[in-house]
>>> print(open('entry_33.pdb').read())   # PDB, C-alpha atoms
MODEL        1
ATOM      1  CA  MET A   1      51.463  29.502  35.193  1.00  0.00           C
ATOM      2  CA  THR A   2      49.647  31.679  32.626  1.00  0.00           C
ATOM      3  CA  ASP A   3      50.277  29.130  29.850  1.00  0.00           C
ATOM      4  CA  GLU A   4      48.553  26.463  31.932  1.00  0.00           C
ATOM      5  CA  ILE A   5      45.482  28.681  32.366  1.00  0.00           C
ATOM      6  CA  GLU A   6      45.418  29.619  28.681  1.00  0.00           C
ATOM      7  CA  ASP A   7      45.721  25.938  27.743  1.00  0.00           C
ATOM      8  CA  ALA A   8      42.784  25.135  30.027  1.00  0.00           C
ATOM      9  CA  ILE A   9      40.685  27.889  28.417  1.00  0.00           C
ATOM     10  CA  VAL A  10      41.559  26.723  24.889  1.00  0.00           C
ATOM     11  CA  SER A  11      40.831  23.090  25.797  1.00  0.00           C
ATOM     12  CA  ALA A  12      37.474  24.040  27.305  1.00  0.00           C
ATOM     13  CA  ALA A  13      36.599  26.067  24.190  1.00  0.00           C
ATOM     14  CA  HIS A  14      37.565  23.165  21.907  1.00  0.00           C
ATOM     15  CA  ALA A  15      35.446  20.809  24.009  1.00  0.00           C
ATOM     16  CA  ARG A  16      32.481  23.100  23.326  1.00  0.00           C
ATOM     17  CA  GLY A  17      33.298  23.205  19.579  1.00  0.00           C
ATOM     18  CA  TYR A  18      34.948  26.639  19.464  1.00  0.00           C
ATOM     19  CA  ALA A  19      38.314  28.081  18.534  1.00  0.00           C
ATOM     20  CA  LEU A  20      39.458  31.396  20.033  1.00  0.00           C
ATOM     21  CA  ASN A  21      41.145  34.095  17.984  1.00  0.00           C
ATOM     22  CA  SER A  22      44.332  35.896  19.063  1.00  0.00           C
ATOM     23  CA  THR A  23      42.501  39.037  20.228  1.00  0.00           C
ATOM     24  CA  THR A  24      40.326  36.991  22.538  1.00  0.00           C
ATOM     25  CA  MET A  25      43.385  35.150  23.848  1.00  0.00           C
ATOM     26  CA  ALA A  26      44.977  38.538  24.619  1.00  0.00           C
ATOM     27  CA  THR A  27      41.833  39.381  26.616  1.00  0.00           C
ATOM     28  CA  VAL A  28      42.235  36.093  28.501  1.00  0.00           C
ATOM     29  CA  ALA A  29      45.849  36.972  29.336  1.00  0.00           C
ATOM     30  CA  ILE A  30      44.837  40.426  30.600  1.00  0.00           C
ATOM     31  CA  ASP A  31      41.803  39.189  32.548  1.00  0.00           C
ATOM     32  CA  LEU A  32      43.687  36.390  34.247  1.00  0.00           C
ATOM     33  CA  ALA A  33      47.061  38.050  34.822  1.00  0.00           C
ATOM     34  CA  GLY A  34      48.436  36.890  38.172  1.00  0.00           C
ATOM     35  CA  SER A  35      45.871  34.110  38.477  1.00  0.00           C
ATOM     36  CA  THR A  36      46.641  30.476  39.225  1.00  0.00           C
ATOM     37  CA  LEU A  37      44.942  27.266  38.206  1.00  0.00           C
ATOM     38  CA  ALA A  38      43.892  24.680  40.780  1.00  0.00           C
ATOM     39  CA  GLY A  39      42.228  21.767  39.020  1.00  0.00           C
ATOM     40  CA  ASP A  40      39.470  23.325  36.931  1.00  0.00           C
ATOM     41  CA  MET A  41      39.228  26.433  39.122  1.00  0.00           C
ATOM     42  CA  ILE A  42      40.951  29.725  38.369  1.00  0.00           C
ATOM     43  CA  GLN A  43      42.091  31.574  41.481  1.00  0.00           C
ATOM     44  CA  LEU A  44      41.927  35.302  40.786  1.00  0.00           C
ATOM     45  CA  PRO A  45      44.183  37.382  43.058  1.00  0.00           C
ATOM     46  CA  GLY A  46      42.073  39.244  45.603  1.00  0.00           C
ATOM     47  CA  LYS A  47      38.779  38.210  43.969  1.00  0.00           C
ATOM     48  CA  GLY A  48      38.205  34.526  44.744  1.00  0.00           C
ATOM     49  CA  THR A  49      37.845  31.571  42.406  1.00  0.00           C
ATOM     50  CA  LEU A  50      36.022  30.931  39.177  1.00  0.00           C
ATOM     51  CA  SER A  51      35.592  27.734  37.180  1.00  0.00           C
ATOM     52  CA  VAL A  52      37.126  27.536  33.718  1.00  0.00           C
ATOM     53  CA  GLN A  53      33.657  26.873  32.252  1.00  0.00           C
ATOM     54  CA  ASP A  54      32.153  29.932  33.971  1.00  0.00           C
ATOM     55  CA  TYR A  55      35.017  32.127  32.752  1.00  0.00           C
ATOM     56  CA  LEU A  56      34.608  30.778  29.205  1.00  0.00           C
ATOM     57  CA  ARG A  57      30.856  31.466  29.292  1.00  0.00           C
ATOM     58  CA  ASP A  58      31.487  35.034  30.523  1.00  0.00           C
ATOM     59  CA  LEU A  59      34.161  35.566  27.859  1.00  0.00           C
ATOM     60  CA  HIS A  60      31.775  34.369  25.147  1.00  0.00           C
ATOM     61  CA  ASP A  61      29.097  36.779  26.406  1.00  0.00           C
ATOM     62  CA  ARG A  62      31.574  39.692  26.314  1.00  0.00           C
ATOM     63  CA  ALA A  63      33.309  38.853  23.028  1.00  0.00           C
ATOM     64  CA  PRO A  64      31.221  36.500  20.856  1.00  0.00           C
ATOM     65  CA  SER A  65      33.104  37.546  17.707  1.00  0.00           C
ATOM     66  CA  GLY A  66      36.289  36.045  19.166  1.00  0.00           C
ATOM     67  CA  PHE A  67      34.809  32.552  19.004  1.00  0.00           C
ATOM     68  CA  SER A  68      34.559  30.576  15.786  1.00  0.00           C
ATOM     69  CA  ARG A  69      33.188  27.114  15.177  1.00  0.00           C
ATOM     70  CA  LEU A  70      35.764  24.385  14.744  1.00  0.00           C
ATOM     71  CA  GLN A  71      35.750  22.794  11.297  1.00  0.00           C
ATOM     72  CA  GLN A  72      33.976  19.464  11.410  1.00  0.00           C
ATOM     73  CA  PRO A  73      33.807  17.391   8.210  1.00  0.00           C
ATOM     74  CA  ASP A  74      30.598  15.589   9.191  1.00  0.00           C
ATOM     75  CA  LYS A  75      28.473  18.629   9.987  1.00  0.00           C
ATOM     76  CA  PRO A  76      25.152  19.158   8.136  1.00  0.00           C
ATOM     77  CA  ASP A  77      24.868  21.579   5.199  1.00  0.00           C
ATOM     78  CA  ALA A  78      23.115  24.143   7.408  1.00  0.00           C
ATOM     79  CA  GLU A  79      26.385  24.551   9.344  1.00  0.00           C
ATOM     80  CA  ARG A  80      28.811  24.502   6.399  1.00  0.00           C
ATOM     81  CA  THR A  81      30.545  27.663   5.279  1.00  0.00           C
ATOM     82  CA  ILE A  82      29.847  29.256   1.913  1.00  0.00           C
ATOM     83  CA  THR A  83      33.296  28.186   0.686  1.00  0.00           C
ATOM     84  CA  GLU A  84      32.573  24.566   1.566  1.00  0.00           C
ATOM     85  CA  LEU A  85      29.237  24.690  -0.232  1.00  0.00           C
ATOM     86  CA  ARG A  86      30.796  26.279  -3.330  1.00  0.00           C
ATOM     87  CA  ARG A  87      33.201  23.357  -3.620  1.00  0.00           C
ATOM     88  CA  LYS A  88      30.220  20.994  -3.807  1.00  0.00           C
ATOM     89  CA  ARG A  89      28.230  23.041  -6.330  1.00  0.00           C
ATOM     90  CA  PRO A  90      28.838  22.127 -10.003  1.00  0.00           C
ATOM     91  CA  LEU A  91      30.340  24.739 -12.286  1.00  0.00           C
ATOM     92  CA  SER A  92      27.841  26.368 -14.640  1.00  0.00           C
ATOM     93  CA  ALA A  93      27.772  26.078 -18.422  1.00  0.00           C
ATOM     94  CA  ALA A  94      28.632  29.790 -18.641  1.00  0.00           C
ATOM     95  CA  TRP A  95      31.718  29.157 -16.515  1.00  0.00           C
ATOM     96  CA  HIS A  96      32.814  26.356 -18.858  1.00  0.00           C
ATOM     97  CA  ALA A  97      32.229  28.640 -21.875  1.00  0.00           C
ATOM     98  CA  ARG A  98      34.497  31.309 -20.340  1.00  0.00           C
ATOM     99  CA  HIS A  99      37.052  28.615 -19.492  1.00  0.00           C
ATOM    100  CA  ALA A 100      37.097  27.474 -23.128  1.00  0.00           C
ATOM    101  CA  LYS A 101      37.923  31.037 -24.307  1.00  0.00           C
ATOM    102  CA  ALA A 102      40.437  31.857 -21.552  1.00  0.00           C
ATOM    103  CA  THR A 103      44.200  31.933 -22.140  1.00  0.00           C
ATOM    104  CA  GLY A 104      47.388  32.166 -20.119  1.00  0.00           C
ATOM    105  CA  ILE A 105      47.278  32.323 -16.341  1.00  0.00           C
ATOM    106  CA  THR A 106      43.501  32.716 -16.318  1.00  0.00           C
ATOM    107  CA  LYS A 107      43.146  29.435 -18.213  1.00  0.00           C
ATOM    108  CA  SER A 108      45.514  27.624 -15.844  1.00  0.00           C
ATOM    109  CA  MET A 109      43.773  28.977 -12.729  1.00  0.00           C
ATOM    110  CA  MET A 110      40.350  28.046 -14.094  1.00  0.00           C
ATOM    111  CA  SER A 111      41.672  24.574 -14.934  1.00  0.00           C
ATOM    112  CA  GLU A 112      42.839  24.182 -11.325  1.00  0.00           C
ATOM    113  CA  ILE A 113      39.380  25.137 -10.079  1.00  0.00           C
ATOM    114  CA  ALA A 114      37.724  22.643 -12.405  1.00  0.00           C
ATOM    115  CA  ALA A 115      40.181  19.901 -11.410  1.00  0.00           C
ATOM    116  CA  SER A 116      39.606  20.563  -7.696  1.00  0.00           C
ATOM    117  CA  ARG A 117      35.884  20.046  -8.267  1.00  0.00           C
ATOM    118  CA  GLY A 118      36.404  16.978 -10.426  1.00  0.00           C
ATOM    119  CA  GLU A 119      34.907  18.649 -13.481  1.00  0.00           C
ATOM    120  CA  GLU A 120      37.840  18.904 -15.842  1.00  0.00           C
ATOM    121  CA  ARG A 121      36.414  18.962 -19.350  1.00  0.00           C
ATOM    122  CA  GLY A 122      38.221  19.125 -22.643  1.00  0.00           C
ATOM    123  CA  ASN A 123      40.195  22.351 -23.152  1.00  0.00           C
TER     124      ASN A 123
ENDMDL
END
>>> encode(input="entry_33.pdb", output="structure tokens")
Amino acid sequence: MTDEIEDAIVSAAHARGYALNSTTMATVAIDLAGSTLAGDMIQLPGKGTLSVQDYLRDLHDRAPSGFSRLQQPDKPDAERTITELRRKRPLSAAWHARHAKATGITKSMMSEIAASRGEERGN
């Protein structure tokens, strides 16, 4: 029955735009050990019932670092990660100058970066 509860917690988190890390999921397993799920209510042994949403809210308050935003391709720049923004930023002239002088594995790796950004220039 624990898998069903964990699935409900993960689904509720995804519905709110979050993913939970493995440490947070371990906390869920410990917190809800012996509990059962009845609809969207978690029945805690000897303590009563709690809705999945209320538990998720409490878990977020206790462990906010265990929640990360789900990747959404249509989100505004203010919500994009630094890595996503770097992919959009053009490579500088200094970068291209270093690329022109590079050799071996460095040259091939830099060429891959340029190709991934659609900026492959003459070698």
>>> atom_distance(input="entry_33.pdb", atom1="atom CA of Ser65 of chain A", atom2="atom CA of Thr27 of chain A")
12.6 Å
>>> residues_around(input="entry_33.pdb", residues="segment 4-13 of chain A", least_positions_apart="5", cutoff="12 Å", atoms="only C-alpha atoms", output="MDAnalysis selection string")
chainID A and resid 18:22 24:44 50:60 66:70
>>> atom_distance(input="entry_33.pdb", atom1="atom CA of Gly104 of chain A", atom2="atom CA of Pro90 of chain A")
23.4 Å
>>> atom_distance(input="entry_33.pdb", atom1="atom CA of Met109 of chain A", atom2="atom CA of Ala94 of chain A")
16.3 Å
>>> residues_around(input="entry_33.pdb", residues="His99 of chain A", least_positions_apart="4", cutoff="8 Å", atoms="all atoms listed in the file", output="compact mmCIF listing (two decimals) with C-alpha atoms, in the frame of the given file")
# COMPACT_ATOMS: atom_id res chain seq x y z
CA TRP A 95 31.72 29.16 -16.52
CA LYS A 107 43.15 29.44 -18.21
CA MET A 110 40.35 28.05 -14.09
CA SER A 111 41.67 24.57 -14.93
CA ASN A 123 40.20 22.35 -23.15
